[in-house]
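Structure data (compact mmCIF, C-alpha atoms and all ligand atoms) from input34.txt:
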# COMPACT_ATOMS: atom_id res chain seq x y z
CA MET A 1 17.82 6.77 18.88
CA THR A 2 15.18 7.28 16.16
CA ASP A 3 12.53 8.57 18.57
CA GLU A 4 15.04 10.86 20.22
CA ILE A 5 15.90 12.38 16.84
CA LEU A 6 12.20 12.86 16.08
CA ASP A 7 11.58 14.35 19.54
CA TYR A 8 14.19 17.00 18.70
CA HIS A 9 12.49 17.64 15.40
CA TYR A 10 8.95 17.97 16.71
CA SER A 11 9.73 19.84 19.91
CA GLY A 12 11.92 22.37 18.11
CA LYS A 13 14.39 22.31 20.99
CA THR A 14 18.03 22.94 20.28
CA GLY A 15 19.69 22.16 23.61
CA GLN A 16 22.14 19.25 23.74
CA VAL A 17 22.10 18.95 19.97
CA GLU A 18 25.91 18.69 19.91
CA ARG A 19 25.76 15.71 22.22
CA LEU A 20 23.15 14.06 20.03
CA LYS A 21 25.32 14.67 16.96
CA ASP A 22 28.37 13.14 18.67
CA ARG A 23 26.40 10.09 19.72
CA VAL A 24 24.97 9.63 16.23
CA LEU A 25 28.46 9.83 14.71
CA ALA A 26 29.88 7.48 17.32
CA SER A 27 27.15 4.95 16.58
CA GLY A 28 28.62 4.40 13.11
CA ASP A 29 25.04 3.65 12.01
CA PRO A 30 24.30 5.15 8.56
CA ARG A 31 20.57 5.16 9.29
CA GLU A 32 20.90 7.28 12.45
CA MET A 33 23.25 9.63 10.58
CA PHE A 34 20.80 10.03 7.74
CA LEU A 35 17.87 10.61 10.12
CA TYR A 36 19.89 13.18 12.05
CA LEU A 37 20.46 15.13 8.83
CA PHE A 38 16.86 14.74 7.74
CA TYR A 39 15.17 15.71 10.99
CA VAL A 40 17.66 17.63 13.14
CA ASP A 41 20.33 19.52 11.25
CA ASN A 42 20.84 19.41 7.50
CA GLU A 43 23.80 21.80 7.73
CA GLU A 44 25.96 18.84 8.69
CA VAL A 45 25.55 17.19 5.31
CA ASP A 46 29.27 17.08 4.44
CA LEU A 47 30.30 15.67 7.81
CA MET A 48 27.53 13.05 8.07
CA GLY A 49 27.74 12.38 4.34
CA LYS A 50 31.40 11.43 4.60
CA ALA A 51 30.61 9.12 7.53
CA ILE A 52 27.74 7.48 5.61
CA LEU A 53 29.99 7.02 2.58
CA ASP A 54 32.60 5.33 4.76
CA THR A 55 30.05 2.74 5.91
CA GLY A 56 29.56 1.78 2.24
CA ASN A 57 25.83 1.28 2.84
CA PHE A 58 24.19 1.62 -0.60
CA VAL A 59 20.68 2.20 0.76
CA TYR A 60 21.55 5.24 2.86
CA ILE A 61 24.00 6.56 0.24
CA HIS A 62 21.00 6.60 -2.09
CA TYR A 63 18.71 8.29 0.47
CA LEU A 64 21.39 10.85 1.27
CA LEU A 65 22.12 11.83 -2.33
CA ARG A 66 18.47 12.20 -3.27
CA SER A 67 17.57 14.19 -0.16
CA PHE A 68 20.49 16.62 0.01
CA ARG A 69 22.82 18.45 -2.31
CA VAL A 70 26.09 16.77 -1.42
CA THR A 71 29.16 18.85 -2.34
CA ASN A 72 31.58 15.99 -2.92
CA TYR A 73 29.05 13.70 -4.60
CA LYS A 74 31.66 12.58 -7.13
CA ASP A 75 33.34 10.54 -4.37
CA PHE A 76 29.96 8.87 -3.87
CA ILE A 77 29.62 8.12 -7.56
CA GLN A 78 32.87 6.14 -7.48
CA LYS A 79 31.40 3.94 -4.74
CA ILE A 80 28.06 3.65 -6.55
CA LEU A 81 29.78 2.45 -9.74
CA CYS A 82 30.86 -0.68 -7.81
CA SER A 83 27.21 -1.75 -7.58
CA ASP A 84 26.10 -4.74 -9.67
CA SER A 85 22.44 -3.75 -9.55
CA PRO A 86 21.12 -1.93 -12.65
CA LYS A 87 18.02 -1.02 -10.64
CA TYR A 88 20.09 0.71 -7.95
CA LEU A 89 22.19 2.52 -10.54
CA PHE A 90 19.10 3.69 -12.40
CA ASN A 91 17.53 4.91 -9.16
CA ILE A 92 20.58 7.08 -8.47
CA LEU A 93 20.46 8.44 -12.01
CA TYR A 94 16.74 9.16 -11.66
CA ASP A 95 16.51 10.41 -8.07
CA VAL A 96 19.57 12.65 -7.85
CA ASP A 97 18.75 15.67 -9.94
CA TYR A 98 21.98 17.65 -9.54
CA LEU A 99 24.45 15.18 -11.11
CA ASP A 100 26.69 16.58 -13.84
CA LYS A 101 26.83 15.14 -17.34
CA GLN A 102 29.98 13.09 -16.75
CA SER A 103 28.56 11.40 -13.65
CA ARG A 104 25.33 10.57 -15.47
CA LEU A 105 27.24 9.05 -18.37
CA GLU A 106 29.46 7.01 -16.02
CA ILE A 107 26.37 5.55 -14.36
CA ILE A 108 24.74 4.76 -17.71
CA GLN A 109 28.01 3.18 -18.90
CA ARG A 110 27.94 0.92 -15.83
CA ILE A 111 24.28 -0.03 -16.54
CA ILE A 112 25.34 -0.91 -20.11
CA GLU A 113 28.19 -3.08 -18.77
CA LEU A 114 25.71 -4.99 -16.62
CA ASN A 115 23.87 -5.92 -19.81
CA ASP A 116 20.26 -5.67 -18.63
CA ASP A 117 18.24 -4.68 -21.70
CA SER A 118 15.28 -3.21 -19.86
CA TYR A 119 17.43 -0.92 -17.70
CA ILE A 120 19.57 0.07 -20.68
CA THR A 121 16.37 1.13 -22.47
CA LYS A 122 15.09 2.91 -19.39
CA ALA A 123 18.38 4.78 -18.81
CA ALA A 124 18.62 5.85 -22.46
CA TYR A 125 14.96 6.92 -22.47
CA TYR A 126 15.50 8.92 -19.30
CA TYR A 127 18.66 10.60 -20.59
CA PHE A 128 17.54 11.47 -24.12
CA VAL A 129 13.78 11.90 -23.80
CA VAL A 130 12.96 12.91 -20.22
CA LEU A 131 16.07 14.99 -19.49
CA ASP A 132 16.40 15.95 -23.16
CA LEU A 133 20.21 15.74 -23.04
CA PHE A 134 22.58 14.72 -25.81
CA ASP A 135 25.80 12.77 -26.04
CA GLU A 136 27.38 11.63 -29.28
CA GLY A 137 28.83 8.34 -27.99
CA LEU A 138 25.70 7.32 -26.12
CA SER A 139 23.47 8.16 -29.07
CA LEU A 140 25.61 5.96 -31.34
CA PHE A 141 25.39 3.13 -28.83
CA THR A 142 21.62 3.62 -28.47
CA LYS A 143 20.99 3.49 -32.19
CA ASN A 144 22.96 0.24 -32.51
CA PHE A 145 21.22 -1.16 -29.45
CA LEU A 146 17.75 -0.41 -30.88
CA ARG A 147 18.72 -1.96 -34.21
CA ALA A 148 20.20 -5.12 -32.67
CA ASN A 149 17.54 -5.74 -30.01
CA PHE A 150 14.35 -4.44 -31.55
CA SER A 151 15.15 -4.43 -35.28
CA ILE A 152 14.20 -0.77 -35.47
CA GLU A 153 15.86 1.29 -38.18
CA VAL A 154 16.98 4.47 -36.47
CA ASP A 155 18.79 7.64 -37.39
CA ASN A 156 19.37 10.98 -35.69
CA SER A 157 15.89 12.20 -36.51
CA ASN A 158 13.86 9.32 -35.06
CA TYR A 159 15.77 7.59 -32.27
CA LYS A 160 13.93 9.47 -29.52
CA GLY A 161 10.60 8.36 -30.95
CA ALA A 162 11.95 4.82 -31.25
CA LEU A 163 13.05 4.86 -27.61
CA ASP A 164 9.60 6.06 -26.62
CA LYS A 165 7.97 3.21 -28.52
CA VAL A 166 10.30 0.59 -27.03
CA PHE A 167 10.02 1.92 -23.48
CA TYR A 168 6.21 1.92 -23.55
CA ARG A 169 5.82 -1.14 -25.79
CA ASP A 170 3.63 -3.11 -23.36
CA ASP A 171 1.36 -0.25 -22.49
CA TYR A 172 -1.51 -0.86 -24.84
CA LYS A 173 -2.15 -4.49 -24.06
CA LYS A 174 -5.48 -5.36 -22.53
CA ASP A 175 -5.88 -4.57 -18.82
CA PRO A 176 -6.34 -7.50 -16.43
CA ASP A 177 -9.96 -8.19 -15.47
CA GLY A 178 -11.30 -7.47 -11.99
CA PHE A 179 -9.43 -6.25 -8.94
CA SER A 180 -6.05 -7.33 -7.60
CA MET A 181 -5.66 -9.64 -4.60
CA ASN A 182 -3.04 -7.24 -3.22
CA CYS A 183 -5.06 -5.46 -0.55
CA PHE A 184 -6.44 -5.66 2.97
CA GLU A 185 -10.13 -6.37 3.09
CA GLY A 186 -11.99 -3.39 4.52
CA ARG A 187 -10.69 -0.31 6.32
CA ASN A 188 -9.96 -1.65 9.80
CA GLY A 189 -12.76 0.56 11.18
CA TYR A 190 -11.57 3.88 9.70
CA ILE A 191 -13.32 6.31 7.41
CA PRO A 192 -10.53 7.01 4.92
CA SER A 193 -9.61 10.71 4.96
CA LEU A 194 -6.52 10.95 2.72
CA ILE A 195 -5.99 10.80 -1.03
CA VAL A 196 -2.33 9.98 -1.68
CA CYS A 197 -0.79 10.74 -5.10
CA HIS A 198 2.03 8.69 -6.60
CA ILE A 199 4.03 8.46 -9.80
CA ASN A 200 5.33 5.43 -11.62
CA ASN A 201 7.56 5.48 -14.72
CA SER A 202 5.41 3.11 -16.71
CA TYR A 203 1.74 2.15 -16.62
CA SER A 204 2.30 -1.42 -17.76
CA SER A 205 5.03 -2.17 -15.22
CA ALA A 206 2.82 -0.70 -12.46
CA ILE A 207 -0.13 -2.87 -13.53
CA LYS A 208 2.11 -5.93 -13.76
CA ARG A 209 3.41 -5.42 -10.22
CA PHE A 210 0.01 -4.55 -8.73
CA TYR A 211 -1.50 -7.83 -10.01
CA ASP A 212 1.54 -9.93 -9.05
CA THR A 213 0.63 -11.52 -5.71
CA LYS A 214 4.34 -11.78 -4.86
CA SER A 215 5.04 -8.04 -5.18
CA GLY A 216 3.13 -6.95 -2.08
CA VAL A 217 2.13 -3.61 -3.65
CA SER A 218 -0.97 -2.09 -5.24
CA SER A 219 -2.88 1.16 -5.62
CA HIS A 220 -6.58 1.96 -5.95
CA TYR A 221 -6.11 3.53 -9.39
CA VAL A 222 -3.46 3.82 -12.07
CA ILE A 223 -3.75 6.64 -14.62
CA ARG A 224 -1.85 6.28 -17.90
CA ARG A 225 -0.35 9.32 -19.64
CA ASP A 226 -3.12 9.20 -22.29
CA GLY A 227 -5.72 9.53 -19.52
CA HIS A 228 -6.77 5.87 -19.45
CA VAL A 229 -7.81 4.84 -15.90
CA LYS A 230 -7.56 1.35 -14.44
CA GLN A 231 -9.02 0.64 -11.00
CA VAL A 232 -6.94 -2.04 -9.30
CA VAL A 233 -8.45 -2.17 -5.79
CA GLY A 234 -12.04 -1.49 -4.68
CA LEU A 235 -12.63 1.62 -2.57
CA ASP A 236 -14.02 -0.46 0.31
CA ASP A 237 -10.61 -2.13 0.66
CA SER A 238 -7.12 -0.92 1.60
CA ALA A 239 -4.53 -0.88 -1.19
CA TRP A 240 -0.85 -1.41 -0.45
CA ALA A 241 0.67 1.84 -1.65
CA ASN A 242 1.57 4.00 1.33
CA GLY A 243 2.00 1.70 4.29
CA THR A 244 3.32 2.94 7.58
CA SER A 245 4.51 1.02 10.62
CA LEU A 246 4.56 1.77 14.32
CA ASP A 247 8.05 0.24 14.50
CA PRO A 248 10.77 2.95 14.79
CA LEU A 249 13.26 0.60 13.12
CA LYS A 250 11.32 0.60 9.86
CA ASP A 251 12.08 3.26 7.25
CA TYR A 252 8.30 3.71 6.85
CA TYR A 253 7.77 4.45 10.56
CA ASN A 254 4.61 6.54 10.94
CA ARG A 255 6.34 9.29 12.95
CA PHE A 256 8.48 10.07 9.88
CA ALA A 257 5.38 11.32 8.06
CA THR A 258 5.14 15.05 7.45
CA SER A 259 1.39 14.64 6.93
CA GLU A 260 -0.18 15.24 10.33
CA ILE A 261 -3.01 12.80 9.64
CA ALA A 262 -0.64 9.99 8.62
CA ARG A 263 1.58 10.66 11.62
CA THR A 264 -1.04 10.97 14.33
CA ILE A 265 -3.40 8.11 13.47
CA ASN A 266 -1.51 5.27 15.07
CA ASP A 267 -2.06 2.66 12.41
CA ASN A 268 -0.98 1.64 8.93
CA ALA A 269 -1.83 4.61 6.66
CA ASN A 270 -3.13 2.22 3.98
CA TYR A 271 -6.25 1.71 6.12
CA PHE A 272 -7.30 5.33 6.02
CA SER A 273 -6.18 6.43 2.54
CA PHE A 274 -6.88 6.10 -1.17
CA SER A 275 -3.98 5.91 -3.58
CA ILE A 276 -3.69 7.04 -7.19
CA GLU A 277 -0.66 6.19 -9.36
CA HIS A 278 0.17 8.39 -12.34
CA GLU A 279 2.38 7.38 -15.23
CA SER A 280 5.05 10.10 -15.07
CA PHE A 281 8.76 10.62 -14.47
CA ASP A 282 8.63 13.93 -12.61
CA GLY A 283 5.04 14.46 -11.50
CA ASN A 284 4.03 16.52 -14.52
CA LEU A 285 0.75 15.23 -15.92
CA THR A 286 -0.62 15.39 -19.44
CA ASP A 287 -3.92 17.30 -19.87
CA GLU A 288 -5.74 13.98 -20.33
CA GLN A 289 -4.18 12.66 -17.12
CA LEU A 290 -5.10 15.77 -15.17
CA ASN A 291 -8.72 15.46 -16.33
CA ALA A 292 -8.76 11.78 -15.35
CA THR A 293 -7.25 12.53 -11.92
CA VAL A 294 -9.90 15.14 -11.18
CA MET A 295 -12.60 12.70 -12.29
CA VAL A 296 -11.24 9.88 -10.12
CA MET A 297 -11.00 12.17 -7.08
CA ARG A 298 -14.61 13.28 -7.63
CA GLU A 299 -15.60 9.62 -7.61
CA ILE A 300 -13.77 9.09 -4.33
CA ILE A 301 -15.36 12.15 -2.74
CA ALA A 302 -18.85 11.05 -3.88
CA TYR A 303 -18.16 7.53 -2.57
CA LEU A 304 -17.23 8.91 0.88
CA LYS A 305 -20.43 10.96 1.04
CA ASP A 306 -22.52 8.04 -0.13
CA LYS A 307 -20.99 5.31 2.03
CA TYR A 308 -20.07 7.20 5.23
CA ASN A 309 -21.93 10.51 4.88
CA TYR A 310 -18.44 12.00 5.21
CA ASP A 311 -17.59 15.39 3.70
CA PHE A 312 -14.08 15.08 2.34
CA GLN A 313 -12.14 18.33 2.75
CA ILE A 314 -10.54 19.40 -0.50
CA ASP A 315 -7.18 20.82 0.60
CA ARG A 316 -3.46 19.98 0.84
CA LYS A 317 -3.96 18.38 4.26
CA HIS A 318 -6.13 15.70 2.73
CA ILE A 319 -4.81 15.48 -0.84
CA ILE A 320 -1.15 14.72 -0.38
CA GLY A 321 1.93 13.11 -1.91
CA HIS A 322 3.47 9.76 -1.07
CA ASN A 323 6.52 11.71 0.16
CA GLU A 324 4.36 13.22 2.91
CA VAL A 325 3.51 9.76 4.23
CA ASN A 326 6.89 8.07 3.64
CA PRO A 327 9.43 10.92 3.32
CA VAL A 328 12.47 8.78 4.09
CA ILE A 329 11.89 6.12 1.45
CA ARG A 330 9.78 8.03 -1.09
CA LYS A 331 11.27 11.50 -1.24
CA LYS A 332 10.66 11.83 -5.01
CA CYS A 333 7.09 10.52 -5.23
CA PRO A 334 5.07 12.17 -6.76
CA GLY A 335 7.83 14.61 -7.81
CA GLU A 336 8.13 18.37 -7.81
CA GLY A 337 6.05 18.83 -10.93
CA PHE A 338 2.90 17.28 -9.47
CA PRO A 339 0.02 19.78 -9.93
CA PHE A 340 -1.65 19.69 -6.49
CA ASP A 341 -2.84 23.29 -6.71
CA LYS A 342 -4.38 22.85 -10.15
CA ILE A 343 -6.19 19.69 -9.02
CA ILE A 344 -7.55 21.34 -5.88
CA ARG A 345 -8.71 24.39 -7.82
CA ARG A 346 -10.53 22.20 -10.35
CA LEU A 347 -12.16 20.10 -7.63
CA LYS A 348 -13.39 23.17 -5.81
CA HIS A 349 -14.66 25.25 -8.69
CA GLN A 350 -16.30 22.96 -11.19
ZN ZN B 401 4.62 6.43 -4.42

Would you kindly transcribe this structure into structure tokens?
Amino acid sequence: MTDEILDYHYSGKTGQVERLKDRVLASGDPREMFLYLFYVDNEEVDLMGKAILDTGNFVYIHYLLRSFRVTNYKDFIQKILCSDSPKYLFNILYDVDYLDKQSRLEIIQRIIELNDDSYITKAAYYYFVVLDLFDEGLSLFTKNFLRANFSIEVDNSNYKGALDKVFYRDDYKKDPDGFSMNCFEGRNGYIPSLIVCHINNSYSSAIKRFYDTKSGVSSHYVIRRDGHVKQVVGLDDSAWANGTSLDPLKDYYNRFATSEIARTINDNANYFSFSIEHESFDGNLTDEQLNATVMVMREIIAYLKDKYNYDFQIDRKHIIGHNEVNPVIRKKCPGEGFPFDKIIRRLKHQ
């Protein structure tokens, strides 16, 4: 039914939509229900949402909550709290921006119960530093946690700084030498015409994953929040950052792309794109990072001219977000704060 749903979306036709809705509901398939909401009619969020919740499918519950404002999301939270995965719980906390304080604290409490130090640190960092929220009980817990695990003496005045230090503690180690093995050799015959922007919470965890041959992911560049740039994959080769598939059953199906270029070239988008990761939680970049991004993009544009005599067009059709290639799975990458307009202005006028 995926192609049928997309046909509705792209043709703009409204006839028979009730029948399609009934069939999607009758299928009992949380994926079809989610896609219906995403591409056909997002007014049905409460109806489809309830049906997706009833299937108990954690993946599509996550996609649903981060893509739509769900009125009765508290019912969803109760289901989510049954999860044993700190990663899943953190992703809900991070991706769903309309949760109230109590729901956030319940999720963090569950992460604490699961006893995974790195996710406890990440959740506390996100709550106190990124969201800049406060809670007496959680701050007491956090101070004890930092003392016990990292022998850091903390009080009310410095625990945010301490969290920052602990969260980014690996970030200033030496970069790995050379390029990562995680890439396709060459461009499969394409002249790459897209620059795709991403965010990643932490530079060091991105670098670690991109050099781990088991992870299956990489990016051409990673830019740390202090502006430091590491190139991970050579520009002649295809990084593994924004892959698409021609298989409608994959959640990274190329027809899902809102980018016309990614959707209409019938191949894996990694072949015809460059990818840049930025260390950020919400897409906002530091001044140093913004400067580095503009510099890296200039390098890419010069490379295209030099290697292919290709004039890269500096606009939002060609400089895009990961969410425009993989909207279903990467709705929040690179985040609402990402400064596309600023970058484009700088590239054009300097
Ligand atoms: Zn991304």

Return as JSON, numbers by chain the residues of protein, DNA or RNA that approach ligand ZN 401 (chain B) to within 6 Å, with only C-alpha atoms and all ligand atoms taken into account.
{"A": [198, 199, 322, 333]}

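Those residues positioned at most 10 Å from (10.1, 15.5, -4.4) are Arg66, Ser67, Asp95, Asp282, Gly283, Gly321, His322, Asn323, Glu324, Pro327, Arg330, Lys331, Lys332, Cys333, Pro334, Gly335, Glu336, Gly337 and Phe338 of chain A, judged using all atoms listed in the file.
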
Contacts of Phe38 in chain A at 10 Å (all atoms listed in the file; same-chain gap of 5+ positions) as a list in words:
Ile5, Leu6, His9, Glu32, Met33, Glu43, Val45, Tyr63, Leu64, Ser67, Phe68, Phe256, Pro327 and Val328 of chain A

A:Ala51, A:Ile314, A:Ile152, A:Leu105 ranked by distance to Leu133 in chain A, top pick (using all atoms listed in the file)
A:Leu105

Any idea what the distance is between CA of Asp237 in chain A and CA of Cys183 in chain A?
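Straight-line distance from CA of Asp237 in chain A to CA of Cys183 in chain A works out to 6.6 Å.
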
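Between Met295 in chain A and the candidates A:Asp311, A:Gln16, A:Val229, A:Asp341, the tightest atom-to-atom separation, counting all atoms listed in the file, involves A:Val229.
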
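Contact shell of Tyr190 in chain A at 12 Å (all atoms listed in the file; same-chain neighbours under 6 positions omitted): A:Asp236, A:Asp237, A:Ser238, A:Ile265, A:Asn266, A:Asp267, A:Asn268, A:Ala269, A:Asn270, A:Tyr271, A:Phe272, A:Ser273, A:Leu304, A:Tyr308, A:Tyr310.
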
From the block I gave, I'd like range 194-222 of chain A written with N, CA and C atoms, as a compact mmCIF listing (two decimals), in the first residue's frame.
# COMPACT_ATOMS: atom_id res chain seq x y z
N LEU A 194 24.20 17.15 -4.39
CA LEU A 194 23.54 17.52 -3.13
C LEU A 194 24.57 17.63 -2.01
N ILE A 195 24.39 18.62 -1.15
CA ILE A 195 25.13 18.65 0.11
C ILE A 195 24.08 18.44 1.21
N VAL A 196 24.25 17.37 1.99
CA VAL A 196 23.24 17.03 2.99
C VAL A 196 23.80 17.30 4.39
N CYS A 197 23.06 18.10 5.17
CA CYS A 197 23.49 18.50 6.51
C CYS A 197 22.85 17.63 7.58
N HIS A 198 23.67 17.27 8.57
CA HIS A 198 23.23 16.40 9.66
C HIS A 198 23.63 17.00 11.00
N ILE A 199 23.01 16.50 12.07
CA ILE A 199 23.53 16.79 13.41
C ILE A 199 23.75 15.49 14.16
N ASN A 200 24.67 15.55 15.11
CA ASN A 200 24.99 14.43 15.98
C ASN A 200 25.28 15.03 17.34
N ASN A 201 24.77 14.39 18.41
CA ASN A 201 24.94 14.96 19.76
C ASN A 201 26.39 15.17 20.13
N SER A 202 27.24 14.23 19.75
CA SER A 202 28.62 14.34 20.22
C SER A 202 29.61 13.99 19.12
N TYR A 203 30.61 14.83 18.98
CA TYR A 203 31.67 14.64 17.98
C TYR A 203 32.35 13.29 18.16
N SER A 204 32.76 13.01 19.41
CA SER A 204 33.56 11.79 19.61
C SER A 204 32.75 10.54 19.34
N SER A 205 31.46 10.53 19.70
CA SER A 205 30.69 9.31 19.43
C SER A 205 30.44 9.18 17.93
N ALA A 206 30.30 10.31 17.21
CA ALA A 206 30.16 10.24 15.75
C ALA A 206 31.43 9.65 15.13
N ILE A 207 32.59 10.17 15.54
CA ILE A 207 33.87 9.70 14.98
C ILE A 207 34.04 8.20 15.28
N LYS A 208 33.73 7.83 16.51
CA LYS A 208 33.86 6.42 16.90
C LYS A 208 33.03 5.53 15.96
N ARG A 209 31.79 5.91 15.75
CA ARG A 209 30.89 5.10 14.91
C ARG A 209 31.35 5.09 13.45
N PHE A 210 31.80 6.25 12.97
CA PHE A 210 32.15 6.36 11.55
C PHE A 210 33.41 5.56 11.20
N TYR A 211 34.27 5.29 12.21
CA TYR A 211 35.47 4.48 11.96
C TYR A 211 35.26 3.03 12.37
N ASP A 212 34.11 2.71 12.93
CA ASP A 212 33.82 1.33 13.34
C ASP A 212 33.24 0.59 12.14
N THR A 213 33.98 -0.39 11.61
CA THR A 213 33.55 -1.04 10.37
C THR A 213 32.25 -1.82 10.57
N LYS A 214 31.87 -2.06 11.82
CA LYS A 214 30.60 -2.77 12.06
C LYS A 214 29.38 -1.84 12.05
N SER A 215 29.61 -0.52 12.16
CA SER A 215 28.46 0.38 12.32
C SER A 215 27.69 0.60 11.02
N GLY A 216 28.40 0.53 9.89
CA GLY A 216 27.73 0.75 8.61
C GLY A 216 27.32 2.20 8.35
N VAL A 217 27.94 3.15 9.07
CA VAL A 217 27.62 4.57 8.83
C VAL A 217 28.90 5.41 8.75
N SER A 218 28.78 6.53 8.05
CA SER A 218 29.90 7.47 7.96
C SER A 218 29.37 8.78 7.37
N SER A 219 30.25 9.76 7.27
CA SER A 219 29.89 11.05 6.69
C SER A 219 31.17 11.61 6.09
N HIS A 220 31.07 12.50 5.11
CA HIS A 220 32.31 13.04 4.55
C HIS A 220 33.06 13.87 5.60
N TYR A 221 32.32 14.71 6.32
CA TYR A 221 32.96 15.57 7.33
C TYR A 221 32.19 15.50 8.64
N VAL A 222 32.92 15.76 9.74
CA VAL A 222 32.28 16.00 11.03
C VAL A 222 32.85 17.32 11.57
